[in-house]
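Asks: Supplied in structure tokens, the structure appears directly below.
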Amino acid sequence: MYLFDKIRPDQLDRRELQLTLLACSTILILGAGLALLMYPVAFSYSSSMLRNAFYGFCGLSALYLVDRQATILKLRREIAEASRHAAETKIEASAELLNAIPNLGSFKDRLAMEYRRAAAANQVMSVLVIIVLLPQDVSSSPFAISLLSDAAKAIARKLRAQDSLYILRPHCFGTILPTVSRTVAERISKRVAEGLSDAAGATNRFSYKVSIVDWPANAPSAHELQEAVLTLLPADNSIRSMAEETL
């Protein structure tokens, strides 16, 4: 057993038990050794001071163990409270971030404006639709807000400076890429996917799906372009309302 190495959080309980057993064993060994050295002198006379010293040693040892366990329990409560407070603060910050992102209404207005501009200038445009898939056990929990916030930040970091991110549905983000052909949009999509993979981590906290809709190849008119995007969106809107309730 290594006493001074780094301990992973999931091994704290095991290490605490090991150290408690070590302390108890040390006290028992010292007490037994002291009793053997003092016997029979310490126990021969009813008023022996050595015997009282031995009992005092046993009492102090017991008090040490009680105080140790009380201190450990207090520290664990403080750590649990600090962790809970940190988690609540992160969820609140994530909810504020998600509510600050423009919604589907803003996306539709921007899409119509960019379509008219592209049509007038005879240019192309593309739309990225990113769906974030959460594990079933966290999809309806407050922790989902933190995961979606991490995904939104990962997406925003991989977009161009002039591109804006929108929340089209809960679990679903979108961005409009003016003057971007499908070939360029695929490169941007690949960068976004890499950023999401990094945010998901080795434990795969979430998965994702990135889709591309480009004009005029996939949708010759503004209405068809909007419908092509809307057909990719999930119907559930629980996370948006959850983020609003958190605030």
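In the structure tokens, each chain is lettered A, B, ... as it comes, each chain's residues begin at 1, and ligands are numbered from 1 in order of appearance.
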Tell me which protein, DNA and RNA residues are within 12 Å of Arg110 of chain A, counting only C-alpha atoms, leaving out same-chain ones fewer than 6 positions away, and put them as a PyMOL selection string.
Replies: chain A and resi 102-104+116-117+127+163-166+174-178+222+226
Asks: Can you list, as JSON, numbers by chain, every residue of segment 8-183 of chain A that DSSP puts in helix (DSSP H, G or I)?
Replies: {"A": [9, 10, 11, 12, 13, 14, 15, 16, 17, 18, 19, 20, 21, 22, 23, 24, 25, 26, 27, 28, 29, 30, 31, 32, 33, 34, 35, 36, 37, 38, 41, 42, 43, 49, 50, 51, 52, 53, 54, 55, 56, 57, 58, 59, 60, 61, 62, 63, 64, 65, 66, 67, 68, 69, 70, 71, 72, 73, 74, 75, 76, 77, 78, 79, 80, 81, 82, 83, 84, 85, 86, 87, 88, 89, 90, 91, 92, 93, 94, 95, 96, 97, 98, 99, 100, 104, 105, 106, 107, 108, 109, 110, 111, 112, 113, 114, 115, 116, 117, 118, 119, 120, 121, 143, 144, 145, 146, 147, 148, 149, 150, 151, 152, 153, 154, 155, 156, 157, 158, 182, 183]}
Asks: Measure the distance from atom CA of Ser207 of chain A to atom CA of Ile167 of chain A in Å and round it to one decimal.
Replies: 17.1 Å
Asks: Name the closest residue to Leu30 of chain A among the candidates A:Ala228, A:Cys172, A:Cys58, A:Val129; distances are taken between atoms, counting only C-alpha atoms.
Replies: A:Cys58
Asks: Kindly indicate which residue among A:Ser106, A:Gln69, A:Asn52, A:Gln136 lies nearest to Cys24 of chain A, using only C-alpha atoms for the distances.
Replies: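 Answer, going by the shortest atom-to-atom distance: A:Gln69.
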Asks: Just to confirm, what's the straight-line distance from atom CA of Arg187 of chain A to atom CA of Leu134 of chain A in Å (one decimal)?
Replies: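 Taking atom CA of Arg187 of chain A as the start and atom CA of Leu134 of chain A as the end point, the length is 24.7 Å.
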Asks: I'd like the contact shell of segment 144-147 of chain A - 6 Å cut-off, only C-alpha atoms, skipping same-chain residues fewer than 3 positions apart - returned as a list in words.
Replies: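 Answer for this query is Ile91, Ser94, Val138, Ser139, Ser141 and Asp150 of chain A.
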Asks: Using only C-alpha atoms, which protein or nucleic acid residues come within 10 Å of Ala217 of chain A? Drop anything in the same chain fewer than 6 positions from it, and give the result as a JSON list (two decimals) with N, CA and C atoms, in the first residue's frame.
Replies:
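Saved the output as selection-v6.json:
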[["chain", "number", "residue", "atom", "x", "y", "z"],
["A", 124, "VAL", "N", -23.76, 30.85, -53.50],
["A", 124, "VAL", "CA", -24.21, 29.62, -52.84],
["A", 124, "VAL", "C", -24.25, 29.86, -51.33],
["A", 125, "MET", "N", -24.90, 28.96, -50.63],
["A", 125, "MET", "CA", -24.92, 29.01, -49.17],
["A", 125, "MET", "C", -25.19, 27.62, -48.63],
["A", 126, "SER", "N", -24.78, 27.39, -47.40],
["A", 126, "SER", "CA", -24.98, 26.09, -46.77],
["A", 126, "SER", "C", -25.46, 26.28, -45.34],
["A", 181, "SER", "N", -19.81, 26.74, -50.30],
["A", 181, "SER", "CA", -20.25, 25.59, -51.09],
["A", 181, "SER", "C", -20.28, 24.34, -50.22],
["A", 182, "ARG", "N", -20.82, 23.26, -50.78],
["A", 182, "ARG", "CA", -20.90, 22.02, -50.01],
["A", 182, "ARG", "C", -19.49, 21.49, -49.68],
["A", 225, "LEU", "N", -35.70, 25.26, -48.79],
["A", 225, "LEU", "CA", -34.49, 25.28, -47.97],
["A", 225, "LEU", "C", -34.85, 25.22, -46.49]]
Asks: Suppose you want the space between atom CA of Ala86 of chain A and atom CA of Leu196 of chain A; what is it in Å?
Replies: 23.5 Å
